[in-house]
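Peer 1: Structure file start_1.pdb (PDB, C-alpha atoms and all ligand atoms) right here:
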MODEL        1
ATOM      1  CA  MET A  19      -2.007  -7.733 -16.722
ATOM      2  CA  LEU A  20       0.185  -7.410 -13.694
ATOM      3  CA  GLY A  21      -0.830  -6.012 -10.348
ATOM      4  CA  ASP A  22      -4.010  -5.137  -8.550
ATOM      5  CA  ASP A  23      -4.529  -1.731 -10.051
ATOM      6  CA  THR A  24      -8.178  -1.450  -9.120
ATOM      7  CA  THR A  25      -7.445  -2.385  -5.547
ATOM      8  CA  THR A  26      -4.764   0.229  -5.028
ATOM      9  CA  GLU A  27      -6.745   2.890  -6.828
ATOM     10  CA  ASN A  28      -9.973   2.031  -5.062
ATOM     11  CA  ARG A  29      -8.245   2.210  -1.729
ATOM     12  CA  LEU A  30      -6.802   5.583  -2.586
ATOM     13  CA  ARG A  31     -10.262   6.706  -3.651
ATOM     14  CA  LEU A  32     -11.705   5.585  -0.312
ATOM     15  CA  LEU A  33      -8.933   7.269   1.566
ATOM     16  CA  GLN A  34      -9.498  10.484  -0.309
ATOM     17  CA  ALA A  35     -13.252  10.270   0.294
ATOM     18  CA  GLU A  36     -12.702   9.722   4.020
ATOM     19  CA  PHE A  37     -10.424  12.698   4.148
ATOM     20  CA  THR A  38     -12.867  14.929   2.271
ATOM     21  CA  GLN A  39     -15.672  13.860   4.585
ATOM     22  CA  HIS A  40     -13.519  14.575   7.594
ATOM     23  CA  GLN A  41     -12.873  18.052   6.217
ATOM     24  CA  ARG A  42     -16.555  18.668   5.594
ATOM     25  CA  ARG A  43     -17.550  17.616   9.082
ATOM     26  CA  GLY A  44     -15.180  20.275  10.327
ATOM     27  CA  PRO A  45     -14.333  20.908  13.961
ATOM     28  CA  GLU A  46     -16.638  19.457  16.624
ATOM     29  CA  PRO A  47     -19.159  22.006  17.866
ATOM     30  CA  THR A  48     -18.636  22.882  21.521
ATOM     31  CA  GLY A  49     -20.808  20.926  23.934
ATOM     32  CA  ARG A  50     -20.467  17.721  21.933
ATOM     33  CA  THR A  51     -17.097  16.826  23.340
ATOM     34  CA  ALA A  52     -18.668  14.256  25.685
ATOM     35  CA  THR A  53     -19.637  12.068  22.722
ATOM     36  CA  ARG A  54     -16.279  12.249  21.039
ATOM     37  CA  ALA A  55     -15.059   8.936  22.391
ATOM     38  CA  GLU A  56     -17.861   6.887  20.852
ATOM     39  CA  ALA A  57     -16.620   6.983  17.291
ATOM     40  CA  PRO A  58     -12.971   7.783  16.933
ATOM     41  CA  ALA A  59     -12.327   8.844  13.354
ATOM     42  CA  PRO A  60      -9.687   6.538  11.837
ATOM     43  CA  ILE A  61      -8.538   9.413   9.701
ATOM     44  CA  ASP A  62      -6.722  12.549  10.725
ATOM     45  CA  LEU A  63      -5.134  15.484   9.022
ATOM     46  CA  GLY A  64      -1.951  13.485   8.608
ATOM     47  CA  THR A  65      -3.827  11.705   5.826
ATOM     48  CA  LEU A  66      -3.285  14.628   3.533
ATOM     49  CA  ASP A  67       0.463  14.457   4.129
ATOM     50  CA  TYR A  68       0.318  10.727   3.718
ATOM     51  CA  MET A  69      -1.409  10.918   0.321
ATOM     52  CA  ALA A  70       0.979  13.643  -0.842
ATOM     53  CA  ALA A  71       3.976  11.516   0.162
ATOM     54  CA  ALA A  72       2.585   8.438  -1.609
ATOM     55  CA  ALA A  73       1.965  10.439  -4.779
ATOM     56  CA  ALA A  74       5.432  11.991  -4.621
ATOM     57  CA  GLU A  75       7.014   8.566  -4.269
ATOM     58  CA  MET A  76       5.128   7.268  -7.302
ATOM     59  CA  VAL A  77       6.136  10.280  -9.403
ATOM     60  CA  ARG A  78       9.751   9.967  -8.283
ATOM     61  CA  HIS A  79       9.844   6.302  -9.166
ATOM     62  CA  THR A  80       8.275   6.875 -12.580
ATOM     63  CA  ARG A  81      10.529   9.769 -13.531
ATOM     64  CA  ALA A  82      13.614   7.870 -12.408
ATOM     65  CA  ALA A  83      12.558   4.836 -14.465
ATOM     66  CA  ALA A  84      11.595   6.876 -17.517
ATOM     67  CA  PRO A  85      13.739  10.036 -17.610
ATOM     68  CA  GLY A  86      12.256  12.921 -19.556
ATOM     69  CA  VAL A  87       8.703  12.371 -18.354
ATOM     70  CA  ASP A  88       7.040  15.635 -17.329
ATOM     71  CA  PRO A  89       6.058  16.135 -13.710
ATOM     72  CA  TYR A  90       2.605  14.778 -12.967
ATOM     73  CA  THR A  91      -0.082  17.449 -12.751
ATOM     74  CA  GLY A  92      -3.251  15.366 -13.090
ATOM     75  CA  PRO A  93      -5.684  14.306 -10.370
ATOM     76  CA  LEU A  94      -4.395  12.024  -7.631
ATOM     77  CA  LEU A  95      -6.462   9.082  -8.811
ATOM     78  CA  GLY A  96      -4.951   9.111 -12.289
ATOM     79  CA  LEU A  97      -1.471   8.658 -10.916
ATOM     80  CA  TYR A  98      -1.123   4.904 -11.274
ATOM     81  CA  ASP A  99      -2.400   4.877 -14.855
ATOM     82  CA  TRP A 100      -0.022   7.694 -15.667
ATOM     83  CA  SER A 101       2.891   5.759 -14.236
ATOM     84  CA  ARG A 102       1.994   2.585 -16.146
ATOM     85  CA  GLU A 103       1.555   4.514 -19.359
ATOM     86  CA  HIS A 104       5.016   6.084 -19.139
ATOM     87  CA  THR A 105       6.823   2.906 -18.132
ATOM     88  CA  ALA A 106       5.011   0.413 -20.376
ATOM     89  CA  HIS A 107       8.031   0.228 -22.700
ATOM     90  CA  LEU A 108      10.452  -0.848 -19.964
ATOM     91  CA  THR A 109      11.777  -4.358 -19.340
ATOM     92  CA  PRO A 110       9.512  -6.843 -17.529
ATOM     93  CA  GLU A 111      11.748  -6.495 -14.452
ATOM     94  CA  ARG A 112      11.282  -2.729 -14.298
ATOM     95  CA  GLN A 113       7.557  -3.103 -14.832
ATOM     96  CA  GLN A 114       7.426  -5.657 -12.074
ATOM     97  CA  ALA A 115       9.202  -3.199  -9.762
ATOM     98  CA  ARG A 116       6.576  -0.589 -10.623
ATOM     99  CA  GLU A 117       3.750  -3.038  -9.944
ATOM    100  CA  ALA A 118       5.309  -3.969  -6.619
ATOM    101  CA  LEU A 119       5.416  -0.303  -5.662
ATOM    102  CA  ILE A 120       1.786   0.213  -6.694
ATOM    103  CA  TYR A 121       0.759  -2.910  -4.817
ATOM    104  CA  ARG A 122       2.705  -1.855  -1.725
ATOM    105  CA  GLN A 123       0.977   1.512  -1.766
ATOM    106  CA  GLY A 124      -2.344  -0.333  -1.918
ATOM    107  CA  LEU A 125      -1.422  -2.185   1.272
ATOM    108  CA  GLU A 126      -0.356   1.087   2.871
ATOM    109  CA  HIS A 127      -3.608   2.780   1.867
ATOM    110  CA  ALA A 128      -5.593  -0.034   3.491
ATOM    111  CA  ILE A 129      -3.526   0.171   6.674
ATOM    112  CA  ALA A 130      -3.875   3.963   6.693
ATOM    113  CA  MET A 131      -7.638   3.371   6.769
ATOM    114  CA  GLY A 132      -7.241   1.016   9.709
ATOM    115  CA  ASP A 133      -7.529  -2.266   7.803
ATOM    116  CA  THR A 134      -4.462  -4.176   8.913
ATOM    117  CA  THR A 135      -5.970  -7.540   7.896
ATOM    118  CA  VAL A 136      -4.520  -7.054   4.397
ATOM    119  CA  VAL A 137      -1.232  -8.576   5.545
ATOM    120  CA  ARG A 138      -3.014 -11.872   6.300
ATOM    121  CA  LYS A 139      -3.741 -12.297   2.605
ATOM    122  CA  HIS A 140      -0.053 -13.023   2.058
ATOM    123  CA  PRO A 141       1.774 -16.205   2.965
ATOM    124  CA  CYS A 142       4.794 -15.821   5.223
ATOM    125  CA  PRO A 143       7.799 -15.728   2.853
ATOM    126  CA  ALA A 144       9.725 -18.067   5.182
ATOM    127  CA  CYS A 145       7.253 -20.760   6.281
ATOM    128  CA  GLY A 146       4.358 -20.203   3.871
ATOM    129  CA  CYS A 147       1.725 -20.010   6.621
ATOM    130  CA  TRP A 148      -1.180 -17.550   6.487
ATOM    131  CA  GLY A 149      -0.696 -16.278  10.007
ATOM    132  CA  LEU A 150       0.947 -12.914   9.444
ATOM    133  CA  GLN A 151      -0.082 -10.132  11.762
ATOM    134  CA  TRP A 152       0.538  -6.441  11.498
ATOM    135  CA  GLY A 153       2.945  -4.981  14.041
ATOM    136  CA  GLU A 154       1.858  -1.386  14.377
ATOM    137  CA  GLY A 155       4.946  -0.041  16.127
ATOM    138  CA  GLU A 156       7.524  -1.597  13.853
ATOM    139  CA  ARG A 157       5.264  -1.366  10.802
ATOM    140  CA  LYS A 158       6.083  -4.905   9.744
ATOM    141  CA  ALA A 159       4.102  -8.100   9.259
ATOM    142  CA  VAL A 160       5.020 -10.558  11.999
ATOM    143  CA  CYS A 161       4.797 -14.335  11.551
ATOM    144  CA  THR A 162       2.799 -15.972  14.344
ATOM    145  CA  GLN A 163       4.221 -19.489  13.933
ATOM    146  CA  HIS A 164       6.432 -20.104  16.935
ATOM    147  CA  TYR A 165       8.853 -22.238  14.915
ATOM    148  CA  CYS A 166       9.243 -19.620  12.186
ATOM    149  CA  GLN A 167      12.396 -17.840  13.292
ATOM    150  CA  ASP A 168      15.478 -16.449  11.666
ATOM    151  CA  ALA A 169      19.023 -17.713  12.302
ATOM    152  CA  GLY A 170      19.230 -15.534  15.404
ATOM    153  CA  GLY A 171      16.119 -17.134  16.921
ATOM    154  CA  LEU A 172      13.942 -14.073  16.307
ATOM    155  CA  THR A 173      10.419 -14.159  14.911
ATOM    156  CA  HIS A 174      10.340 -13.412  11.203
ATOM    157  CA  ARG A 175       9.181  -9.910  10.364
ATOM    158  CA  TRP A 176       8.468  -8.631   6.875
ATOM    159  CA  THR A 177       8.202  -5.178   5.392
ATOM    160  CA  LEU A 178       5.240  -4.381   3.167
ATOM    161  CA  GLU A 179       7.753  -3.873   0.403
ATOM    162  CA  ARG A 180       8.904  -7.474   0.733
ATOM    163  CA  LEU A 181       5.333  -8.809   0.762
ATOM    164  CA  ALA A 182       4.492  -6.735  -2.298
ATOM    165  CA  ARG A 183       7.560  -7.971  -4.170
ATOM    166  CA  GLU A 184       6.715 -11.589  -3.374
ATOM    167  CA  HIS A 185       3.097 -11.083  -4.381
ATOM    168  CA  VAL A 186       3.891  -9.498  -7.738
ATOM    169  CA  ALA A 187       6.592 -12.073  -8.520
ATOM    170  CA  ALA A 188       4.254 -14.979  -7.724
ATOM    171  CA  LYS A 189       1.535 -13.446  -9.825
ATOM    172  CA  SER A 190       3.827 -12.885 -12.769
ATOM    173  CA  ALA A 191       5.070 -16.500 -12.543
ATOM    174  CA  LEU A 192       1.448 -17.669 -12.687
ATOM    175  CA  THR A 193       0.775 -15.480 -15.699
ATOM    176  CA  SER A 194       3.772 -16.720 -17.629
ATOM    177  CA  ARG A 195       2.909 -20.352 -16.856
ATOM    178  CA  ALA A 196      -0.613 -19.792 -18.141
ATOM    179  CA  THR A 197       0.490 -18.411 -21.511
TER     180      THR A 197
HETATM  181 ZN    ZN B 201       6.498 -17.782   9.008
ENDMDL
END
Would it be possible to restate this file's structure as structure tokens?
Ligand SMILES: [Zn+2]
Peer 2:
Amino acid sequence: MLGDDTTTENRLRLLQAEFTQHQRRGPEPTGRTATRAEAPAPIDLGTLDYMAAAAAEMVRHTRAAAPGVDPYTGPLLGLYDWSREHTAHLTPERQQAREALIYRQGLEHAIAMGDTTVVRKHPCPACGCWGLQWGEGERKAVCTQHYCQDAGGLTHRWTLERLAREHVAAKSALTSRAT
């Protein structure tokens, strides 16, 4: 089985739970503003837009890969299963692309919750070190090895998409060696 389905789905579940909680807490009552700084909520209303965009991307990908599939109307958390179900007949390459997308969304969900350490669980695609760090502004994983530079002498920087592709490819190579 390819991919970390439980991870991506669990992260989405957490994200959704955080958002729901945030909604329930509602606006701060007046007079409590002085305490606001003590626990900044990692989640904001942009989370709803974020989740909608992630779901839309998944649906778009699935319907492009498997034309004729009806638009998805189920609950958000069933999305990844739905996508796998409707693309299970495709070539291994297409399925790998789907898994890379699901995996990338898992990384994005974690980062949306403030956990940027997920990028450190991937080796740098250039030097193989485990010293990647998340660059918030550029939204890329930056290699911290001073010698790890591209031809122009710049530090290597990787998109989450690239890390996800490498991860899924490595995993699939392991699987095929094992069988
Ligand atoms: Zn590197």
Peer 1: Carefully work through the PyMOL selection byres (((not hetatm)) within 9 of (chain B and resi 201)) for this structure and note down the residues it includes, as a PDB file with C-alpha atoms, in the frame of the given file.
Peer 2:
ATOM      1  CA  PRO A 141       1.774 -16.205   2.965  1.00  0.00           C
ATOM      2  CA  CYS A 142       4.794 -15.821   5.223  1.00  0.00           C
ATOM      3  CA  PRO A 143       7.799 -15.728   2.853  1.00  0.00           C
ATOM      4  CA  ALA A 144       9.725 -18.067   5.182  1.00  0.00           C
ATOM      5  CA  CYS A 145       7.253 -20.760   6.281  1.00  0.00           C
ATOM      6  CA  GLY A 146       4.358 -20.203   3.871  1.00  0.00           C
ATOM      7  CA  CYS A 147       1.725 -20.010   6.621  1.00  0.00           C
ATOM      8  CA  TRP A 148      -1.180 -17.550   6.487  1.00  0.00           C
ATOM      9  CA  GLY A 149      -0.696 -16.278  10.007  1.00  0.00           C
ATOM     10  CA  LEU A 150       0.947 -12.914   9.444  1.00  0.00           C
ATOM     11  CA  VAL A 160       5.020 -10.558  11.999  1.00  0.00           C
ATOM     12  CA  CYS A 161       4.797 -14.335  11.551  1.00  0.00           C
ATOM     13  CA  THR A 162       2.799 -15.972  14.344  1.00  0.00           C
ATOM     14  CA  GLN A 163       4.221 -19.489  13.933  1.00  0.00           C
ATOM     15  CA  HIS A 164       6.432 -20.104  16.935  1.00  0.00           C
ATOM     16  CA  TYR A 165       8.853 -22.238  14.915  1.00  0.00           C
ATOM     17  CA  CYS A 166       9.243 -19.620  12.186  1.00  0.00           C
ATOM     18  CA  GLN A 167      12.396 -17.840  13.292  1.00  0.00           C
ATOM     19  CA  THR A 173      10.419 -14.159  14.911  1.00  0.00           C
ATOM     20  CA  HIS A 174      10.340 -13.412  11.203  1.00  0.00           C
ATOM     21  CA  ARG A 175       9.181  -9.910  10.364  1.00  0.00           C
TER      22      ARG A 175
END
Peer 1: Which residues are near Ile129 in chain A? Cut-off 10 Å, all atoms listed in the file, ignore same chain within fewer than 4 positions. Put them as a PyMOL selection string.
Peer 2: chain A and resi 29+123-125+133-137+152+154+157
Peer 1: Nearest to Leu119 in chain A: which of A:Met69, A:Met76, A:Met131, A:Leu172 is it, counting all atoms listed in the file?
Peer 2: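 Among A:Met69, A:Met76, A:Met131, A:Leu172, it is A:Met76 that comes nearest to Leu119 in chain A.
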Peer 1: I want to know what sits within 12 Å of range 185-193 of chain A, based on only C-alpha atoms, with residues of the same chain fewer than 4 positions away left out; could you give that as a VMD selection string?
Peer 2: chain A and resid 19 to 23 110 to 122 125 137 139 to 143 178 to 181 197
Peer 1: Using only C-alpha atoms, determine which residues lie at most 10 Å from Pro85 in chain A, disregarding the query and same-chain residues fewer than 3 positions distant; provide the list as a list in words.
Peer 2: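 The neighbour list is Thr80, Arg81, Ala82, Asp88, His104 and Thr105 of chain A.
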Peer 1: For CA of Lys158 in chain A and CA of Trp176 in chain A, quote the distance in Å rounded to one decimal.
Peer 2: 5.3 Å
Peer 1: Mind pulling up the distance from CA of Leu94 in chain A to CA of Gly155 in chain A?
Peer 2: 28.2 Å
Peer 1: Go ahead and compute the interatomic distance for CA of Arg78 in chain A and CA of Asn28 in chain A, in Å to one decimal.
Peer 2: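 Computing it gives 21.5 Å between the two atoms.
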Peer 1: Which one is closest to Pro93 in chain A: A:Ala73, A:Tyr68, A:Leu32, A:Arg195? Count all atoms listed in the file.
Peer 2: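 For Pro93 in chain A, the nearest of the given residues is A:Ala73.
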Peer 1: Assuming 8 Å of padding per side, give the centre and edge lengths of the axis-aligned box around every listed atom of range 166-180 of chain A, in Å to one decimal and as JSON.
Peer 2:
{"center_x": 12.2, "center_y": -11.7, "center_z": 8.7, "size_x": 30.0, "size_y": 31.7, "size_z": 32.5}
Peer 1: Measuring atom to atom with all atoms listed in the file, identify which of A:Ala106, A:Arg138, A:Gly132, A:Leu97 is nearest to Thr26 in chain A.
Peer 2: A:Leu97
Peer 1: Provide range 159-172 of chain A rebuilt to N, CA and C atoms, formatted as a short mmCIF file (atom, residue, chain, number, x, y, z; two decimals), in the frame of the given file.
Peer 2:
data_model
loop_
_atom_site.label_atom_id
_atom_site.label_comp_id
_atom_site.auth_asym_id
_atom_site.auth_seq_id
_atom_site.Cartn_x
_atom_site.Cartn_y
_atom_site.Cartn_z
N ALA A 159 4.98 -6.95 9.06
CA ALA A 159 4.10 -8.10 9.26
C ALA A 159 4.89 -9.17 10.01
N VAL A 160 4.32 -9.63 11.12
CA VAL A 160 5.02 -10.56 12.00
C VAL A 160 4.42 -11.95 11.83
N CYS A 161 5.29 -12.97 11.67
CA CYS A 161 4.80 -14.34 11.55
C CYS A 161 4.43 -14.86 12.94
N THR A 162 3.27 -15.52 13.03
CA THR A 162 2.80 -15.97 14.34
C THR A 162 3.15 -17.44 14.62
N GLN A 163 3.81 -18.10 13.68
CA GLN A 163 4.22 -19.49 13.93
C GLN A 163 5.43 -19.48 14.85
N HIS A 164 5.33 -20.20 15.96
CA HIS A 164 6.43 -20.10 16.93
C HIS A 164 7.74 -20.69 16.40
N TYR A 165 7.63 -21.63 15.45
CA TYR A 165 8.85 -22.24 14.92
C TYR A 165 9.47 -21.42 13.80
N CYS A 166 8.76 -20.40 13.34
CA CYS A 166 9.24 -19.62 12.19
C CYS A 166 10.15 -18.49 12.67
N GLN A 167 11.44 -18.81 12.77
CA GLN A 167 12.40 -17.84 13.29
C GLN A 167 13.59 -17.73 12.37
N ASP A 168 14.27 -16.60 12.48
CA ASP A 168 15.48 -16.45 11.67
C ASP A 168 16.66 -17.12 12.37
N ALA A 169 17.85 -17.02 11.76
CA ALA A 169 19.02 -17.71 12.30
C ALA A 169 19.34 -17.26 13.73
N GLY A 170 18.96 -16.04 14.06
CA GLY A 170 19.23 -15.53 15.40
C GLY A 170 18.15 -15.91 16.41
N GLY A 171 17.18 -16.72 16.00
CA GLY A 171 16.12 -17.13 16.92
C GLY A 171 15.02 -16.10 17.09
N LEU A 172 14.98 -15.10 16.21
CA LEU A 172 13.94 -14.07 16.31
C LEU A 172 12.80 -14.37 15.34
#
